[in-house]
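*Asks:* Before I ask anything, let me first share the structure, which is written out below as structure tokens.
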Amino acid sequence: MTLRTPSPSRRALLGGAGLLAASFMVSVRSAAAQDARVRHASRIDALIARMTIEEKAGQLSLFNDPFRFRPQEVNPVDKDGDPARVADMIRKGQVGSLFNGVGAAGARTIQDIALKESRLGIPLLFAADVIHGLYTVFPVPLAEAAAWDAGLAERTARAAARESAASGIHQTYAPMVDVARDQRWGRVVEGAGEDVFLGSVLAAARVRGFQGPDLTAKNALLATPKHFAAYGAAEAGLDYNTTDMSEQRLRGVYLPPFKAGFDAGALSTMSAFNEVNGVPATGNGWLLTDILRDEWGFEGYVVSDYTSEEELIAHGFAEDGRDAARIALLAGVDMSMVSGLYNAHIPDLVAKGDVPMSVVDRSVRRVLNVKAALGLFDDPYKGSDPDAERREVNAPEHHALSREAARKSVVMLKNDGGVLPLPRSGKRIAVIGPASDDDVFGPWTIWGDRTKAVSLEAGLRAALAPGAALTFVRGSDPEAPIEGGIDAAVAAARSADVVILAVGESTPMSAEAQSRAEIVVPAPQQALAEAVKTAGKPTVVLLRTGRALALEGAIRDADAILVTWFLGSQHGPALADLLFGDHSPSGRLPVSFPHVSGQQPFHYDHKPTGRPADPAPPREEYRTQFREAPHSAAFPFGHGLGYGPVTYGATEVEASTLSWDGRIEISVEVSNVGVRPVEETVQLYVRDRVARLTRPVRELKGFRKVRLEPGQTRRVAFTLDRKTLEYMGPENRWTVEPGRFDVWLAPDAQSGVAAGFALVR
Ligand code: BGC
């Protein structure tokens, strides 16, 4: 059977629709939201005409919600977070939005202050960091990216939106769409990994999921693609650090996922902490106005990241708080998060003529427009419904979806000798290592309901026969040894038939501000693994991590490795589904796992250089490579195995040329030669052999998941056209020249034999 897919054109890439998204090219901007904005336009004009400059500054000021949450749990301490003080500010019109407070009843009470006790009664907007679920926790975004499934990402975002909106939240600070090519960076875990195409497809899917088809609907959540821009390119993977790059790289790699998110209808974005080529993103008019507004026509509002406008001072870009507010506002930051600088300085900045009133009014209009688009002028209590909250929060279908998503996010790196799946009975299993504990949510799960989470132990016990021989030995803490831990672990391994070695990172190791110099399993756990190996038992590694790691020794050499990331509420059952073979692993790496830490930053789509490394031994000198490691990944981007070997035929190209306005079909036969059904992810890679700017050795241009029954063969076909082949050219426009192209249909970014064609004008 031949599968045909729509062309992965540049429009598809930039428009945020992937090969998997059936609804691509269909604008998901909500008609109801547009209608609400139009209906309220004259009301917004009238409000702006009546507002004092202090009230205007207030609409542009956002603070932590001090009523329902102690925000210092996820951010630096907010010294101003006093409920009485903030209530008073709401009465005076000095606050337009609050964030990270959750709960329907509380939302109603707080909204009442704004509606009934402030002069103009403008509804507050409630935002929150709902990154991968609210009470029901879904896999961390990097894990979910490993499912390579836009539909799944859309569904989990929708479920998160339902729980959040019912809990009185209007906006989420997600999705994070920063392309992340340096695994030392702690925030890799929050995004979709290293690839532009996959990142763009998932950015659009997540926006569609959060916002739903109608932004005014009770269960819609305004999406905020962040952090604009290039935050993921921090030098040395050091959080908040400088980024500096060519305009082509910025536009060709870091901006497309944002564009995809905005084209999918996102009406807000967050300005990043970092500088870009010498100009901090939060004071960067070129990014925030020239590109975002003038080129892309973005109509939503820009919120600063937590005090990022105040940080213009530390950057050495602003003299003081007043100057920082001026620079940020003029650059295009509409709303200030937490610093209070807009309230403090906008009145004086306007009075002295340093910021035109028209600039302030424009930002106020953008914020009020979004409030209107969300339906807040029609229903200011939108979402503040405790009954809906009870229904939606931890709904059984959300937990079922969490289990499905967790299962699909796991990547099997190896399975030597077919050690997996494990039999359900007759084997004594020792589960060893700290990653067998309950730390399964990962970062940004402020409200995640731990009482509903199912641990690995509970998941395994539920899947095994009662009384099955299953022992748990922690052996080590994530970053420190436990006295006697190794001895206990080795003893347990000796008396077992198979060892499940659960090692890797803990949540605090993989989050904001948690950059790592060495991306390895910490030494105490590595020592545990080496000791357990001496027991000589078949070993399955469960690798908990929020980034790609360089695996070493007994962990790398284990019989099987499952990358389990942080899987969320249904971690345990999802892993049991895979370990005992009820489902075949189907995840694929969204980040390259390197041989050694020192290869960072590493991404599969690197340039060839003038002296490309020869991947095949013997090692030649004077090539682009390290002494200690090949210039390749240990486990490449796109890699992942299932419970059945899949073979690929040759990549077939229907003709030797692609005409300028034509299309060309590329296809391959894939066969499941195993005895269990599998889901294979066929990946389309392209290389532009000669161009006016050098091009990467391979670039992902499409992918397709196909189910293969045992013994089944399917032909999978993709269609390419000229647009698909475009790159960000020397004039900073998408471009392509006639010439030769290599093309692969392959199971990952490092394998397969290229076929080719020529693009002719
Ligand atoms: C993070 C943002 C987050 C914000 C609000 C910042 O530290 O960079 O991603 O949305 O805090 O919690």
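By convention in this document, the chains of the structure tokens carry letters A, B, ... by their order, each chain's residues are numbered from 1, and ligands are numbered from 1 in the order they are shown.
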Contacts of Gly321 (chain A) at 8 Å or less, counting only C-alpha atoms, minus same-chain residues fewer than 2 places along, as a list in words?
*Replies:*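 Everything that qualifies: Glu310, Ile313, Ala318, Glu319, Asp323, Ala324, Ala325, Leu341 and His345 of chain A.
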*Asks:* May I have the selected residues written with N, CA and C atoms, as an mmCIF file, in the first residue's frame?
*Replies:*
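New file out06.cif:
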data_model
loop_
_atom_site.group_PDB
_atom_site.id
_atom_site.type_symbol
_atom_site.label_atom_id
_atom_site.label_comp_id
_atom_site.auth_asym_id
_atom_site.auth_seq_id
_atom_site.Cartn_x
_atom_site.Cartn_y
_atom_site.Cartn_z
ATOM 1 N N GLU A 310 14.081 44.732 33.877
ATOM 2 C CA GLU A 310 14.961 45.281 34.919
ATOM 3 C C GLU A 310 16.397 44.797 34.700
ATOM 4 N N ILE A 313 19.581 46.504 33.050
ATOM 5 C CA ILE A 313 20.598 47.259 33.796
ATOM 6 C C ILE A 313 21.839 46.380 33.976
ATOM 7 N N ALA A 318 20.982 49.483 30.074
ATOM 8 C CA ALA A 318 20.135 50.572 30.586
ATOM 9 C C ALA A 318 20.816 51.161 31.818
ATOM 10 N N GLU A 319 20.611 52.466 32.003
ATOM 11 C CA GLU A 319 21.253 53.157 33.132
ATOM 12 C C GLU A 319 20.644 52.743 34.471
ATOM 13 N N ASP A 323 15.283 54.003 32.768
ATOM 14 C CA ASP A 323 15.838 53.809 31.437
ATOM 15 C C ASP A 323 15.450 52.415 30.894
ATOM 16 N N ALA A 324 15.466 51.447 31.801
ATOM 17 C CA ALA A 324 15.120 50.066 31.389
ATOM 18 C C ALA A 324 13.661 50.007 30.922
ATOM 19 N N ALA A 325 12.767 50.662 31.667
ATOM 20 C CA ALA A 325 11.348 50.677 31.272
ATOM 21 C C ALA A 325 11.201 51.367 29.918
ATOM 22 N N LEU A 341 8.498 48.047 37.134
ATOM 23 C CA LEU A 341 9.108 49.234 36.526
ATOM 24 C C LEU A 341 8.131 50.035 35.675
ATOM 25 N N HIS A 345 7.532 53.975 36.358
ATOM 26 C CA HIS A 345 8.175 54.964 35.490
ATOM 27 C C HIS A 345 7.374 55.440 34.286
#
*Asks:* Residues within 6 Å of ligand 1, counting only C-alpha atoms and all ligand atoms: report them as an MDAnalysis selection string.
*Replies:* chainID A and resid 75 129 173 305:306
*Asks:* Go ahead and write the residues just picked, C-alpha atoms, as a compact mmCIF listing (two decimals), in the first residue's frame.
*Replies:*
# COMPACT_ATOMS: atom_id res chain seq x y z
CA ASN A 75 11.19 31.92 40.68
CA ASP A 129 3.12 28.29 33.88
CA TYR A 173 3.37 30.57 29.44
CA ASP A 305 10.20 37.31 31.22
CA TYR A 306 10.45 37.50 35.00
*Asks:* Work out how far CA of Ala373 (chain A) is from CA of Ala32 (chain A), in Å to one decimal.
*Replies:*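 Calculated distance between CA of Ala32 (chain A) and CA of Ala373 (chain A) is 7.8 Å.
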*Asks:* Counting only C-alpha atoms, figure out which residue out of A:Ala372, A:Val196, A:Ile48, A:Leu413 gets nearest to Glu699 (chain A).
*Replies:* A:Val196
*Asks:* As a PyMOL selection string, list the residues of region 398-615 of chain A assigned to strand (DSSP E) by DSSP on the backbone atoms of this structure.
*Replies:* chain A and resi 411-415+429-432+470-473+498-504+539-544+560-563+593-594
*Asks:* Could you make a table, as CSV, of the residues of region 293-400 of chain A that have an atom within 6 Å of an atom of region 154-169 of chain A, each with its nearest atom pair and distance in Å to one decimal, counting only C-alpha atoms, in chain and number order?
*Replies:*
residue,atom,partner,partner_atom,distance
A:Gly383,CA,A:Gly168,CA,4.7
A:Ser384,CA,A:Gly168,CA,4.7
A:Ala388,CA,A:Ala166,CA,5.6
A:Glu389,CA,A:Ala166,CA,4.6
A:Glu392,CA,A:Glu163,CA,5.2
A:Val393,CA,A:Glu163,CA,5.1
*Asks:* Please produce an output containing N, CA, C and O atoms for each residue in the selection, written as an mmCIF file, in the first residue's frame.
*Replies:*
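New file again.cif:
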data_model
loop_
_atom_site.group_PDB
_atom_site.id
_atom_site.type_symbol
_atom_site.label_atom_id
_atom_site.label_comp_id
_atom_site.auth_asym_id
_atom_site.auth_seq_id
_atom_site.Cartn_x
_atom_site.Cartn_y
_atom_site.Cartn_z
ATOM 1 N N GLY A 383 -14.373 30.657 33.322
ATOM 2 C CA GLY A 383 -13.527 29.620 33.921
ATOM 3 C C GLY A 383 -13.609 29.544 35.426
ATOM 4 O O GLY A 383 -13.131 28.582 36.011
ATOM 5 N N SER A 384 -14.196 30.549 36.063
ATOM 6 C CA SER A 384 -14.223 30.500 37.531
ATOM 7 C C SER A 384 -15.456 29.720 37.988
ATOM 8 O O SER A 384 -16.385 30.276 38.557
ATOM 9 N N ALA A 388 -17.131 22.934 37.168
ATOM 10 C CA ALA A 388 -16.320 22.528 36.016
ATOM 11 C C ALA A 388 -14.926 22.110 36.495
ATOM 12 O O ALA A 388 -14.348 21.135 35.993
ATOM 13 N N GLU A 389 -14.424 22.820 37.461
ATOM 14 C CA GLU A 389 -13.097 22.500 37.994
ATOM 15 C C GLU A 389 -13.088 21.068 38.551
ATOM 16 O O GLU A 389 -12.182 20.289 38.264
ATOM 17 N N GLU A 392 -13.161 18.593 35.566
ATOM 18 C CA GLU A 392 -12.016 18.523 34.654
ATOM 19 C C GLU A 392 -10.732 18.051 35.328
ATOM 20 O O GLU A 392 -9.936 17.333 34.725
ATOM 21 N N VAL A 393 -10.509 18.510 36.561
ATOM 22 C CA VAL A 393 -9.239 18.233 37.212
ATOM 23 C C VAL A 393 -9.089 16.733 37.454
ATOM 24 O O VAL A 393 -9.984 16.103 38.004
#
*Asks:* If DSSP is run on the backbone, what residues of region 119-181 of chain A are alpha helix (DSSP H)? A reply as a list in words would be ideal.
*Replies:*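 Reading the DSSP output for region 119-181 of chain A, alpha helix (DSSP H) covers Pro141, Leu142, Ala143, Glu144, Ala145, Ala150, Gly151, Leu152, Ala153, Glu154, Arg155, Thr156, Ala157, Arg158, Ala159, Ala160, Ala161, Arg162, Glu163, Ser164, Ala165 and Ala166 of chain A.
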*Asks:* What lies within 12 Å of Leu287 (chain A) using only C-alpha atoms, ignoring chain neighbours under 2 positions off, as a PDB file with N, CA, C and O atoms, in the first residue's frame?
*Replies:*
ATOM      1  N   HIS A 227      11.018  31.452  24.425  1.00  0.00           N
ATOM      2  CA  HIS A 227      11.272  32.820  24.884  1.00  0.00           C
ATOM      3  C   HIS A 227      11.850  33.541  23.681  1.00  0.00           C
ATOM      4  O   HIS A 227      12.898  33.110  23.185  1.00  0.00           O
ATOM      5  N   PHE A 228      11.222  34.588  23.267  1.00  0.00           N
ATOM      6  CA  PHE A 228      11.564  35.274  22.014  1.00  0.00           C
ATOM      7  C   PHE A 228      12.780  36.170  22.253  1.00  0.00           C
ATOM      8  O   PHE A 228      12.675  37.134  22.963  1.00  0.00           O
ATOM      9  N   ALA A 229      13.908  35.863  21.736  1.00  0.00           N
ATOM     10  CA  ALA A 229      14.239  34.759  20.843  1.00  0.00           C
ATOM     11  C   ALA A 229      15.683  34.315  21.076  1.00  0.00           C
ATOM     12  O   ALA A 229      16.468  35.054  21.646  1.00  0.00           O
ATOM     13  N   ALA A 230      15.943  33.096  20.582  1.00  0.00           N
ATOM     14  CA  ALA A 230      17.293  32.508  20.583  1.00  0.00           C
ATOM     15  C   ALA A 230      17.807  32.185  21.985  1.00  0.00           C
ATOM     16  O   ALA A 230      19.000  32.005  22.185  1.00  0.00           O
ATOM     17  N   GLU A 247      22.551  36.368  11.148  1.00  0.00           N
ATOM     18  CA  GLU A 247      21.107  36.564  10.948  1.00  0.00           C
ATOM     19  C   GLU A 247      20.484  35.351  10.256  1.00  0.00           C
ATOM     20  O   GLU A 247      19.341  34.994  10.526  1.00  0.00           O
ATOM     21  N   LEU A 250      19.792  32.778  12.921  1.00  0.00           N
ATOM     22  CA  LEU A 250      18.665  33.217  13.745  1.00  0.00           C
ATOM     23  C   LEU A 250      17.342  32.971  13.003  1.00  0.00           C
ATOM     24  O   LEU A 250      16.406  32.363  13.526  1.00  0.00           O
ATOM     25  N   ARG A 251      17.316  33.431  11.760  1.00  0.00           N
ATOM     26  CA  ARG A 251      16.060  33.330  11.003  1.00  0.00           C
ATOM     27  C   ARG A 251      15.780  31.920  10.514  1.00  0.00           C
ATOM     28  O   ARG A 251      14.631  31.517  10.382  1.00  0.00           O
ATOM     29  N   TYR A 254      16.311  29.474  14.680  1.00  0.00           N
ATOM     30  CA  TYR A 254      15.687  29.802  15.964  1.00  0.00           C
ATOM     31  C   TYR A 254      14.303  30.437  15.832  1.00  0.00           C
ATOM     32  O   TYR A 254      13.487  30.305  16.736  1.00  0.00           O
ATOM     33  N   LEU A 255      14.046  31.140  14.728  1.00  0.00           N
ATOM     34  CA  LEU A 255      12.752  31.814  14.611  1.00  0.00           C
ATOM     35  C   LEU A 255      11.603  30.955  14.049  1.00  0.00           C
ATOM     36  O   LEU A 255      10.449  31.183  14.410  1.00  0.00           O
ATOM     37  N   PHE A 258       8.733  29.826  16.347  1.00  0.00           N
ATOM     38  CA  PHE A 258       7.879  30.937  16.810  1.00  0.00           C
ATOM     39  C   PHE A 258       6.867  31.294  15.731  1.00  0.00           C
ATOM     40  O   PHE A 258       5.679  31.452  15.999  1.00  0.00           O
ATOM     41  N   THR A 269       3.467  36.418  23.402  1.00  0.00           N
ATOM     42  CA  THR A 269       4.804  35.818  23.424  1.00  0.00           C
ATOM     43  C   THR A 269       5.583  36.455  24.564  1.00  0.00           C
ATOM     44  O   THR A 269       5.147  37.476  25.116  1.00  0.00           O
ATOM     45  N   MET A 270       6.692  35.843  24.934  1.00  0.00           N
ATOM     46  CA  MET A 270       7.487  36.318  26.072  1.00  0.00           C
ATOM     47  C   MET A 270       8.881  36.669  25.580  1.00  0.00           C
ATOM     48  O   MET A 270       9.510  35.878  24.872  1.00  0.00           O
ATOM     49  N   SER A 271       9.361  37.846  25.953  1.00  0.00           N
ATOM     50  CA  SER A 271      10.706  38.245  25.511  1.00  0.00           C
ATOM     51  C   SER A 271      11.745  37.561  26.387  1.00  0.00           C
ATOM     52  O   SER A 271      11.572  37.424  27.591  1.00  0.00           O
ATOM     53  N   ALA A 272      12.829  37.145  25.766  1.00  0.00           N
ATOM     54  CA  ALA A 272      13.804  36.281  26.438  1.00  0.00           C
ATOM     55  C   ALA A 272      14.754  37.066  27.344  1.00  0.00           C
ATOM     56  O   ALA A 272      14.901  38.277  27.223  1.00  0.00           O
ATOM     57  N   GLU A 275      20.783  38.197  25.640  1.00  0.00           N
ATOM     58  CA  GLU A 275      21.033  39.159  24.562  1.00  0.00           C
ATOM     59  C   GLU A 275      21.184  38.406  23.251  1.00  0.00           C
ATOM     60  O   GLU A 275      21.495  37.215  23.230  1.00  0.00           O
ATOM     61  N   VAL A 276      20.943  39.110  22.161  1.00  0.00           N
ATOM     62  CA  VAL A 276      21.115  38.539  20.825  1.00  0.00           C
ATOM     63  C   VAL A 276      22.020  39.501  20.054  1.00  0.00           C
ATOM     64  O   VAL A 276      21.633  40.644  19.806  1.00  0.00           O
ATOM     65  N   ASN A 277      23.212  39.055  19.757  1.00  0.00           N
ATOM     66  CA  ASN A 277      24.170  39.884  19.018  1.00  0.00           C
ATOM     67  C   ASN A 277      24.360  41.255  19.665  1.00  0.00           C
ATOM     68  O   ASN A 277      24.347  42.291  18.993  1.00  0.00           O
ATOM     69  N   VAL A 279      22.412  42.917  21.753  1.00  0.00           N
ATOM     70  CA  VAL A 279      21.226  43.664  22.202  1.00  0.00           C
ATOM     71  C   VAL A 279      20.307  42.705  22.975  1.00  0.00           C
ATOM     72  O   VAL A 279      19.810  41.740  22.403  1.00  0.00           O
ATOM     73  N   PRO A 280      20.090  42.945  24.271  1.00  0.00           N
ATOM     74  CA  PRO A 280      19.206  42.055  25.019  1.00  0.00           C
ATOM     75  C   PRO A 280      17.840  41.919  24.333  1.00  0.00           C
ATOM     76  O   PRO A 280      17.287  42.910  23.841  1.00  0.00           O
ATOM     77  N   ALA A 281      17.326  40.703  24.314  1.00  0.00           N
ATOM     78  CA  ALA A 281      16.065  40.447  23.603  1.00  0.00           C
ATOM     79  C   ALA A 281      14.945  41.336  24.130  1.00  0.00           C
ATOM     80  O   ALA A 281      14.071  41.767  23.370  1.00  0.00           O
ATOM     81  N   THR A 282      14.967  41.630  25.422  1.00  0.00           N
ATOM     82  CA  THR A 282      13.888  42.428  26.007  1.00  0.00           C
ATOM     83  C   THR A 282      14.023  43.921  25.691  1.00  0.00           C
ATOM     84  O   THR A 282      13.103  44.692  25.955  1.00  0.00           O
ATOM     85  N   GLY A 283      15.131  44.309  25.085  1.00  0.00           N
ATOM     86  CA  GLY A 283      15.253  45.693  24.630  1.00  0.00           C
ATOM     87  C   GLY A 283      15.503  45.756  23.136  1.00  0.00           C
ATOM     88  O   GLY A 283      16.059  46.721  22.627  1.00  0.00           O
ATOM     89  N   ASN A 284      15.084  44.711  22.442  1.00  0.00           N
ATOM     90  CA  ASN A 284      15.500  44.521  21.062  1.00  0.00           C
ATOM     91  C   ASN A 284      14.375  44.862  20.078  1.00  0.00           C
ATOM     92  O   ASN A 284      13.528  44.034  19.745  1.00  0.00           O
ATOM     93  N   GLY A 285      14.371  46.101  19.637  1.00  0.00           N
ATOM     94  CA  GLY A 285      13.308  46.565  18.732  1.00  0.00           C
ATOM     95  C   GLY A 285      13.339  45.861  17.392  1.00  0.00           C
ATOM     96  O   GLY A 285      12.293  45.687  16.748  1.00  0.00           O
ATOM     97  N   THR A 289       9.823  44.396  17.197  1.00  0.00           N
ATOM     98  CA  THR A 289       8.971  45.251  16.364  1.00  0.00           C
ATOM     99  C   THR A 289       9.213  44.995  14.874  1.00  0.00           C
ATOM    100  O   THR A 289       8.286  44.643  14.141  1.00  0.00           O
ATOM    101  N   ASP A 290      10.473  45.119  14.442  1.00  0.00           N
ATOM    102  CA  ASP A 290      10.709  44.999  12.990  1.00  0.00           C
ATOM    103  C   ASP A 290      10.304  43.611  12.489  1.00  0.00           C
ATOM    104  O   ASP A 290       9.578  43.478  11.497  1.00  0.00           O
ATOM    105  N   ILE A 291      10.774  42.574  13.175  1.00  0.00           N
ATOM    106  CA  ILE A 291      10.467  41.219  12.697  1.00  0.00           C
ATOM    107  C   ILE A 291       9.063  40.801  13.151  1.00  0.00           C
ATOM    108  O   ILE A 291       8.209  40.441  12.340  1.00  0.00           O
ATOM    109  N   LEU A 292       8.844  40.853  14.468  1.00  0.00           N
ATOM    110  CA  LEU A 292       7.593  40.305  15.016  1.00  0.00           C
ATOM    111  C   LEU A 292       6.349  41.025  14.483  1.00  0.00           C
ATOM    112  O   LEU A 292       5.377  40.393  14.075  1.00  0.00           O
ATOM    113  N   ARG A 293       6.388  42.337  14.509  1.00  0.00           N
ATOM    114  CA  ARG A 293       5.180  43.097  14.114  1.00  0.00           C
ATOM    115  C   ARG A 293       5.180  43.413  12.624  1.00  0.00           C
ATOM    116  O   ARG A 293       4.236  43.100  11.915  1.00  0.00           O
ATOM    117  N   ASP A 294       6.302  44.069  12.178  1.00  0.00           N
ATOM    118  CA  ASP A 294       6.256  44.613  10.821  1.00  0.00           C
ATOM    119  C   ASP A 294       6.361  43.510   9.768  1.00  0.00           C
ATOM    120  O   ASP A 294       5.650  43.536   8.769  1.00  0.00           O
ATOM    121  N   GLU A 295       7.244  42.536  10.015  1.00  0.00           N
ATOM    122  CA  GLU A 295       7.355  41.465   9.009  1.00  0.00           C
ATOM    123  C   GLU A 295       6.268  40.421   9.170  1.00  0.00           C
ATOM    124  O   GLU A 295       5.694  39.951   8.200  1.00  0.00           O
ATOM    125  N   TRP A 296       6.017  40.003  10.411  1.00  0.00           N
ATOM    126  CA  TRP A 296       5.134  38.855  10.623  1.00  0.00           C
ATOM    127  C   TRP A 296       3.686  39.249  10.913  1.00  0.00           C
ATOM    128  O   TRP A 296       2.803  38.388  10.908  1.00  0.00           O
ATOM    129  N   PHE A 298       2.333  40.103  13.771  1.00  0.00           N
ATOM    130  CA  PHE A 298       1.848  39.572  15.058  1.00  0.00           C
ATOM    131  C   PHE A 298       0.928  40.590  15.723  1.00  0.00           C
ATOM    132  O   PHE A 298       1.256  41.765  15.842  1.00  0.00           O
ATOM    133  N   VAL A 302       3.384  41.262  23.876  1.00  0.00           N
ATOM    134  CA  VAL A 302       4.663  40.729  24.334  1.00  0.00           C
ATOM    135  C   VAL A 302       4.767  40.989  25.828  1.00  0.00           C
ATOM    136  O   VAL A 302       4.618  42.122  26.282  1.00  0.00           O
ATOM    137  N   ALA A 328      12.588  49.038  27.080  1.00  0.00           N
ATOM    138  CA  ALA A 328      11.736  47.859  26.835  1.00  0.00           C
ATOM    139  C   ALA A 328      10.440  48.257  26.130  1.00  0.00           C
ATOM    140  O   ALA A 328      10.021  47.637  25.147  1.00  0.00           O
ATOM    141  N   ALA A 331      11.037  49.265  22.592  1.00  0.00           N
ATOM    142  CA  ALA A 331      11.415  48.115  21.757  1.00  0.00           C
ATOM    143  C   ALA A 331      10.199  47.273  21.391  1.00  0.00           C
ATOM    144  O   ALA A 331      10.200  46.604  20.358  1.00  0.00           O
ATOM    145  N   GLY A 332       9.162  47.292  22.247  1.00  0.00           N
ATOM    146  CA  GLY A 332       7.966  46.507  21.921  1.00  0.00           C
ATOM    147  C   GLY A 332       7.536  45.543  23.005  1.00  0.00           C
ATOM    148  O   GLY A 332       6.716  44.649  22.750  1.00  0.00           O
ATOM    149  N   VAL A 333       8.066  45.679  24.228  1.00  0.00           N
ATOM    150  CA  VAL A 333       7.582  44.850  25.340  1.00  0.00           C
ATOM    151  C   VAL A 333       6.333  45.528  25.891  1.00  0.00           C
ATOM    152  O   VAL A 333       6.402  46.602  26.490  1.00  0.00           O
TER     153      VAL A 333
END
*Asks:* Restricting the calculation to only C-alpha atoms: of A:Gly640, A:Pro677, A:Pro696, A:Pro617, which residue gets closest to His603 (chain A)?
*Replies:*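 Under the stated criterion, the closest residue is A:Pro696.
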*Asks:* List the spatial neighbours of Ala491 (chain A) as a PyMOL selection string - criterion: any atom at most 12 Å away, only C-alpha atoms, same-chain residues fewer than 2 positions off excluded.
*Replies:* chain A and resi 430-432+471-473+475+484-489+493-496+499+531-537
*Asks:* So that I can see what lies close to Phe703 (chain A), please list as a PyMOL selection string the residues with an atom at most 6 Å from it, counting only C-alpha atoms and leaving out residues fewer than 6 positions away in the same chain.
*Replies:* chain A and resi 682-684
*Asks:* For the residues in that selection, give me N, CA and C atoms as a compact mmCIF listing (two decimals), in the first residue's frame.
*Replies:*
# COMPACT_ATOMS: atom_id res chain seq x y z
N VAL A 682 9.22 6.84 9.72
CA VAL A 682 10.04 7.00 8.52
C VAL A 682 10.39 8.49 8.39
N GLN A 683 11.67 8.77 8.27
CA GLN A 683 12.14 10.16 8.31
C GLN A 683 12.74 10.56 6.96
N LEU A 684 12.35 11.73 6.52
CA LEU A 684 12.81 12.25 5.22
C LEU A 684 13.89 13.30 5.46
*Asks:* A:Asp477, A:Glu404, A:Asp437, A:Asp577: which is nearest Arg424 (chain A), counting only C-alpha atoms?
*Replies:*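 The answer is A:Asp577, which sits nearest to Arg424 (chain A).
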*Asks:* Determine, counting only C-alpha atoms, which protein, DNA and RNA residues have an atom within 9 Å of an atom of Pro434 (chain A); residues of the same chain fewer than 6 positions away are not included. Present the result as JSON, numbers by chain.
*Replies:* {"A": [473, 474, 475, 476, 477, 478, 501, 502, 503, 504, 506, 525]}
*Asks:* Could the residues in this selection be written to a file with C-alpha atoms, as a short mmCIF file (atom, residue, chain, number, x, y, z; two decimals), in the first residue's frame?
*Replies:*
data_model
loop_
_atom_site.label_atom_id
_atom_site.label_comp_id
_atom_site.auth_asym_id
_atom_site.auth_seq_id
_atom_site.Cartn_x
_atom_site.Cartn_y
_atom_site.Cartn_z
CA VAL A 473 16.90 -1.23 46.20
CA ARG A 474 17.75 2.47 45.88
CA GLY A 475 21.50 1.96 46.00
CA SER A 476 22.40 5.63 45.68
CA ASP A 477 20.88 9.06 45.73
CA PRO A 478 20.94 10.92 42.41
CA LEU A 501 18.72 -0.31 36.60
CA ALA A 502 16.85 2.98 37.07
CA VAL A 503 19.39 5.77 36.91
CA GLY A 504 19.82 9.30 35.56
CA SER A 506 16.52 14.15 39.19
CA GLN A 525 25.11 6.27 40.16
#
*Asks:* Please report, as CSV, each residue of region 273-373 of chain A lying at most 10 Å from region 38-44 of chain A, together with the nearest pair of atoms and the separation in Å rounded to one decimal; use only C-alpha atoms, and order rows by chain and ascending residue number.
*Replies:*
residue,atom,partner,partner_atom,distance
A:Val364,CA,A:Ile44,CA,9.2
A:Arg365,CA,A:Ile44,CA,7.0
A:Arg366,CA,A:Ile44,CA,9.9
A:Leu368,CA,A:Ile44,CA,6.7
A:Asn369,CA,A:Ile44,CA,7.6
A:Lys371,CA,A:His40,CA,9.9
A:Ala372,CA,A:His40,CA,6.6
A:Ala373,CA,A:Val38,CA,8.9
*Asks:* Could you write out the selected residues, including C-alpha atoms, as a PDB file, in the first residue's frame?
*Replies:*
ATOM      1  CA  VAL A 364      -2.634  49.024  26.265  1.00  0.00           C
ATOM      2  CA  ARG A 365      -4.761  48.396  23.183  1.00  0.00           C
ATOM      3  CA  ARG A 366      -2.887  45.168  22.448  1.00  0.00           C
ATOM      4  CA  LEU A 368      -7.137  44.888  25.990  1.00  0.00           C
ATOM      5  CA  ASN A 369      -7.583  43.366  22.543  1.00  0.00           C
ATOM      6  CA  LYS A 371      -8.631  40.303  26.861  1.00  0.00           C
ATOM      7  CA  ALA A 372     -11.479  40.873  24.414  1.00  0.00           C
ATOM      8  CA  ALA A 373     -10.336  37.995  22.194  1.00  0.00           C
TER       9      ALA A 373
END
*Asks:* Give me the residues near Ala462 (chain A) as an NGL selection string, where near means some atom within 12 Å (using only C-alpha atoms) and where sequence neighbours in that chain fewer than 6 positions away do not count.
*Replies:* :A and (424 or 454-456 or 468 or 470 or 572-577 or 580)
*Asks:* Export, as a PDB file, in the first residue's frame, the selected residues with C-alpha atoms.
*Replies:*
ATOM      1  CA  ARG A 424       5.374 -11.452  33.371  1.00  0.00           C
ATOM      2  CA  VAL A 454       1.488   6.107  39.844  1.00  0.00           C
ATOM      3  CA  SER A 455       5.086   5.185  40.614  1.00  0.00           C
ATOM      4  CA  LEU A 456       7.241   2.641  38.842  1.00  0.00           C
ATOM      5  CA  ALA A 468       5.927 -11.929  41.908  1.00  0.00           C
ATOM      6  CA  LEU A 470      10.189  -7.939  42.686  1.00  0.00           C
ATOM      7  CA  GLY A 572       4.672   3.489  36.295  1.00  0.00           C
ATOM      8  CA  PRO A 573       1.863   1.941  34.238  1.00  0.00           C
ATOM      9  CA  ALA A 574       3.292   3.334  30.992  1.00  0.00           C
ATOM     10  CA  LEU A 575       6.654   1.702  31.677  1.00  0.00           C
ATOM     11  CA  ALA A 576       4.980  -1.567  32.617  1.00  0.00           C
ATOM     12  CA  ASP A 577       3.093  -1.437  29.289  1.00  0.00           C
ATOM     13  CA  PHE A 580       6.181  -6.540  29.561  1.00  0.00           C
TER      14      PHE A 580
END
